[in-house]
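Okay, so here's the structure we're looking at.
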Amino acid sequence: MSNDSQDPAGLRQFDVPAFDDWQRAALESLKRPSLAHLSSAACGNIPVEPIYPFDAAALAEAVHDAPPGHFPFRRGSDAQPGWRVSVSPTATTPEAANRMLRDDLEGGADALVLRLGVGPGRLPVRGAADVAQLLTDIPLDEVFLWIDMGSDAAQIVPWLRAHLDATGTSPAALRGCAGPSLFDVAARTGALPNDMTTHYDDAARWLRDGFVAPGALRTLMATASPWHDAGAHVVDELAALLSQSAELIRAMRLRDVTADAAVSAVGLQFSVGTSFFISIAALRALRQLYAAVGRAFGAADAACRPMVHAVVSTRHFALLDAHTNILRTTTAAFSAVLGGAQSIETVPHDALSPQSSGHARRIARNIQLVLSAEAKVTDTGDPTGGARLIESLTDEIADRAWQRFQELEAAGGFARALQSGDLARDVARTAAERRDRVATRQDGIVGVSVYAAAETLPPLDDPDGDTAVPAPCADCDAIVPVYPIRLSHDFENLRREVQQRPVPPVVFLALYAAPKDAHRLRAEFAQGFFATAGIKAIKSPVFDDIASLRDACQQRPADLVVLCSADDAYPQLAAKVVPDIKRELPQTRVVIAGRPGAHESAYRDAGVDAFVHLGCDVPQTLRALLNLDAAKEMP
C-alpha cells in the first residue's frame, strides 16, 4: 500500500500504456488483422469505438470551458442538475385526461404534458368548457407545462386564457412551453397551411401582449418527433429541429419581435430511444447547436438557453413480451437524464394496447422517480462530461447535424423542405435501412426478433394497421407526409399470420453429430429463428449415423425438416438424406441451418428448399417457407 496521499492505491508505480500498446495487445489477443469488427455503427454510420485514447487538451476544453448553465450550454441548460417528470397522455376525453393528470401529479410527477387539437394522437377540445374540465384542480402555476396545440392554437389559447382568468392564475407564473407545433401536424398529416402568415401573426401577438412573461412560458414549439417516429437518423432529426427553429425565429423577427424574445420563446421536443450513447450525445449537441442558431440571429447568450423536452420513443416498443418495454423506457429515460433534458416524458409499457392501464402509467412514472430519488443521478452536473466516448460522439453528431441544417437552409428553409419532400424521402430511406437491420437481426429486438418465446401470442388487432393520413385541409398545400414505424411490426405481423392458420406448422430439427457441438449450436439457432414466428420447433435426438437420421425424418411428418450439423457434413446429408425425404414426404420442405457457400447449387439440386443463417432476412425467409406469401421466392 502506498503512503502517497495523492496516490493511495500506488498506481503511479505502473507505466501508463499508450493507445498503440493497447491496439497491439488487442490484436494479439483476438488474433485478428484489424480491430474494425469492434467498432459499431448504426444507421448513418456514426461509429462507436471500443476505446478512445486519452486527450488531455480535449478533456480540459470539455470540462472547464463552459460549465452547465453557460453558453453554449453543451453541458447543460441549467447550472443546477435535475429534470421534470411526466408521463405520455393516453386519454381520449377531457374528463379522463383530467383524472389521469391528477393521478400522475399525486404520484410524483411534476410536469403536465398535453397534445391538443385535431390530428393523430391528439386530445380534441371543443371549447372553453372542455379546457376547464381538462384542467380542473390542476395547479398550473406549480407544475412544468408542455402543452402542444398543434395547428389549433388560435382557438385553444383564448380558452386557456379564460381558464387562467377564472382560476386567478397569473400567466407570468407559468413555466414550460405552450403553443402551436405547426410543422408536427404538417408532417404527420401531409397538409401544410398555404398561408402561414396568420399563424405567425398570432404567435407574435402572444409574445408581445403579455400572455406570457418573457423567459417564463415559451410559446413556440419545434419538434423532431414526427421524423424520429418515422425512422429518421439522429442527424436529420437535429437538422429538422434547427431548421424549424430558424423558420420560427425569422417569422418573429419579421414581426418586430426582438431577437432575445424570439430565440427564448422556442421550446424543443426531442425523442430518445434505445441508442443509449447516441441519445446522450445528441441532446448535448442539440443545446450547443441551438445556442449557435440563437447567436446567429443576434440574441444575447442568456437568451440562447435551450429548453429541451425529451420524449421516450415507441419506435422500438413491442407488443410481444410488452414488459420488455419497461427496460426500453428505462434505457431511454436514463439517456435523457444524462443528456441533460429539462423535462422527460416516459411512456407506459402497454401503450400499444387499446387501453393502457393505470399500473403501467405508475411504472412509467416510477422509472423516473427511481432515477431521481434512489439512483440520485442528479447529484452530479453533466455526469458524462469529459468522457471521450460522449465528447467524440457529441462533436461528430453536432458537425453532421450543422452541415445538414445548412443544406436545408440553403434549399429555402424548413417549409420548403417539407414542400419538396426531400426530407421525407431521406427519412424513408433511413427507415428502410432500419427495417432491414432488424429483419436480418443485425439489430435485435428482445422478445420479438431475438430471445422470442414461441408460446407468446400477439393481439389479433394490429395497432399499426391504419396508416392512413387525414385528407389535406382546403387551405393547405399537400406535402409528402412521414409515416410512423415500429421496428417489431414485421415480426409481429408474421406471428399473427401464423397464429391464424387453422393447423400450426410443424418444424422438425434433425441433429447429426458434429465436432465441437456444431449440431447443438445450429439447432439452438434454428429454434430461435422459428420462435420469432411463434413456432416451437421439435428437436430430434443426436444421430451419429445417416440411416437413423433419415428414418427419423421420414417417420415424423413435418411441414419443415431442418438439418442441423457442421458445414462439412451437409454435402453427405444432402446427397443421402434429402432425396429420400422429398420422395417419401413430397410436401415437406427441407432446410439447412447454415450458409450453403459454394455448394448451394448442388444442395438445391438434391432438394434443399432454403437456408437459414446469420444475416438472412428472417420474416421474408419464414413467409416463403410457410407459404404466407406465395409471390416470395425462398432464399
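FYI, nothing fancy with the C-alpha cells labels: chains A, B, ... in order, residues from 1 per chain, ligands from 1 as they appear.
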May I have the residues within 12 Å of Thr258 of chain A as an NGL selection string, using only C-alpha atoms and disregarding those fewer than 5 positions away in the same chain?
:A and (204 or 207-208 or 214 or 249-253 or 263-265 or 294 or 297-300 or 303)
Residues within 9 Å of segment 529-532 of chain A, please, as a PDB file with C-alpha atoms, in the first residue's frame. Count only C-alpha atoms; anything in the same chain fewer than 4 positions from it doesn't count.
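Everything below was put into around-v4.pdb:
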```pdb
ATOM      1  CA  GLY A 447     -38.695 -10.941 -27.154  1.00  0.00           C
ATOM      2  CA  VAL A 448     -39.508 -10.351 -30.810  1.00  0.00           C
ATOM      3  CA  SER A 449     -36.593 -10.997 -33.160  1.00  0.00           C
ATOM      4  CA  VAL A 450     -34.189 -12.459 -30.592  1.00  0.00           C
ATOM      5  CA  TYR A 451     -34.900 -14.491 -27.454  1.00  0.00           C
ATOM      6  CA  ALA A 452     -38.507 -14.815 -28.582  1.00  0.00           C
ATOM      7  CA  ALA A 453     -40.885 -17.045 -26.624  1.00  0.00           C
ATOM      8  CA  ALA A 454     -42.656 -19.246 -29.175  1.00  0.00           C
ATOM      9  CA  GLU A 455     -45.748 -19.608 -26.998  1.00  0.00           C
ATOM     10  CA  PHE A 491     -42.138  -9.913 -36.910  1.00  0.00           C
ATOM     11  CA  GLU A 492     -45.392  -9.390 -35.023  1.00  0.00           C
ATOM     12  CA  LEU A 494     -45.668 -12.669 -39.250  1.00  0.00           C
ATOM     13  CA  ARG A 495     -46.538 -14.284 -35.936  1.00  0.00           C
ATOM     14  CA  VAL A 507     -40.894 -27.923 -37.708  1.00  0.00           C
ATOM     15  CA  GLU A 524     -30.330 -23.620 -30.956  1.00  0.00           C
ATOM     16  CA  PHE A 525     -30.035 -21.056 -33.725  1.00  0.00           C
ATOM     17  CA  LYS A 536     -41.858 -24.230 -31.224  1.00  0.00           C
ATOM     18  CA  ALA A 537     -39.574 -26.496 -33.229  1.00  0.00           C
ATOM     19  CA  VAL A 612     -31.346 -20.219 -42.505  1.00  0.00           C
ATOM     20  CA  HIS A 613     -28.274 -18.466 -41.180  1.00  0.00           C
ATOM     21  CA  VAL A 618     -35.920 -13.645 -41.123  1.00  0.00           C
ATOM     22  CA  PRO A 619     -39.509 -12.516 -41.879  1.00  0.00           C
ATOM     23  CA  LEU A 622     -40.212 -17.591 -42.920  1.00  0.00           C
TER      24      LEU A 622
END
```
Using only C-alpha atoms, which protein or nucleic acid residues come within 12 Å of Gly412 of chain A? Drop anything in the same chain fewer than 6 positions from it, and give the result as a PyMOL selection string.
chain A and resi 243-244+246-247+405-406+418-420+422
Please report, as a PyMOL selection string, each residue of segment 186-365 of chain A to which DSSP assigns helix (DSSP H, G or I) when run on this structure's backbone.
chain A and resi 186-189+197-208+225-229+234-253+259-263+276-296+301-304+324-339+358-365
Would you list the contacts of segment 538-553 of chain A as a PyMOL selection string, taking every protein, DNA or RNA residue within 12 Å and counting only C-alpha atoms, but skipping same-chain residues closer than 3 positions in sequence?
chain A and resi 454+505-515+517-520+522-528+530-531+535+556-565+569-570+572-585+588-590
Create the file for the chosen residues now, containing C-alpha atoms and written as a short mmCIF file (atom, residue, chain, number, x, y, z; two decimals), in the first residue's frame.
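Writing the result to out05.cif gives the following:
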```cif
data_model
loop_
_atom_site.label_atom_id
_atom_site.label_comp_id
_atom_site.auth_asym_id
_atom_site.auth_seq_id
_atom_site.Cartn_x
_atom_site.Cartn_y
_atom_site.Cartn_z
CA ALA A 454 -42.66 -19.25 -29.18
CA PRO A 505 -46.92 -25.63 -38.76
CA VAL A 506 -44.66 -28.46 -37.57
CA VAL A 507 -40.89 -27.92 -37.71
CA PHE A 508 -38.57 -30.87 -37.05
CA LEU A 509 -34.90 -30.24 -36.27
CA ALA A 510 -32.79 -33.21 -37.36
CA LEU A 511 -29.47 -33.21 -35.48
CA TYR A 512 -26.49 -35.02 -36.96
CA ALA A 513 -23.48 -35.27 -34.65
CA ALA A 514 -20.61 -32.95 -35.48
CA PRO A 515 -17.35 -31.88 -33.83
CA ASP A 517 -21.07 -29.34 -30.73
CA ALA A 518 -21.83 -27.71 -34.09
CA HIS A 519 -25.12 -29.62 -34.35
CA ARG A 520 -26.31 -28.26 -31.00
CA ARG A 522 -27.11 -24.91 -35.20
CA ALA A 523 -30.21 -26.39 -33.55
CA GLU A 524 -30.33 -23.62 -30.96
CA PHE A 525 -30.03 -21.06 -33.72
CA ALA A 526 -32.86 -22.72 -35.68
CA GLN A 527 -35.08 -22.90 -32.59
CA GLY A 528 -34.67 -19.18 -32.04
CA PHE A 530 -38.57 -20.24 -35.88
CA ALA A 531 -39.61 -18.99 -32.45
CA ILE A 535 -43.29 -21.88 -33.85
CA ARG A 556 -42.02 -37.73 -38.21
CA PRO A 557 -44.18 -35.93 -40.78
CA ALA A 558 -43.48 -32.23 -40.65
CA ASP A 559 -44.01 -29.13 -42.70
CA LEU A 560 -40.31 -28.35 -42.43
CA VAL A 561 -37.29 -30.52 -41.73
CA VAL A 562 -34.21 -28.56 -40.69
CA LEU A 563 -30.86 -30.31 -40.92
CA CYS A 564 -28.53 -29.21 -38.12
CA SER A 565 -24.88 -30.19 -38.33
CA ALA A 569 -21.44 -32.83 -43.09
CA TYR A 570 -24.05 -31.16 -45.26
CA GLN A 572 -23.30 -36.02 -47.42
CA LEU A 573 -26.68 -35.29 -45.82
CA ALA A 574 -27.90 -33.52 -48.94
CA ALA A 575 -26.94 -36.47 -51.11
CA LYS A 576 -28.14 -39.32 -48.86
CA VAL A 577 -31.00 -37.91 -46.78
CA VAL A 578 -32.73 -35.10 -48.63
CA PRO A 579 -33.80 -37.08 -51.76
CA ASP A 580 -35.43 -39.76 -49.60
CA ILE A 581 -37.32 -37.17 -47.55
CA LYS A 582 -38.61 -35.48 -50.70
CA ARG A 583 -39.65 -38.83 -52.17
CA GLU A 584 -41.48 -40.09 -49.05
CA LEU A 585 -42.82 -36.70 -47.93
CA THR A 588 -42.22 -31.40 -46.69
CA ARG A 589 -39.69 -28.66 -47.21
CA VAL A 590 -36.08 -29.27 -46.29
#
```
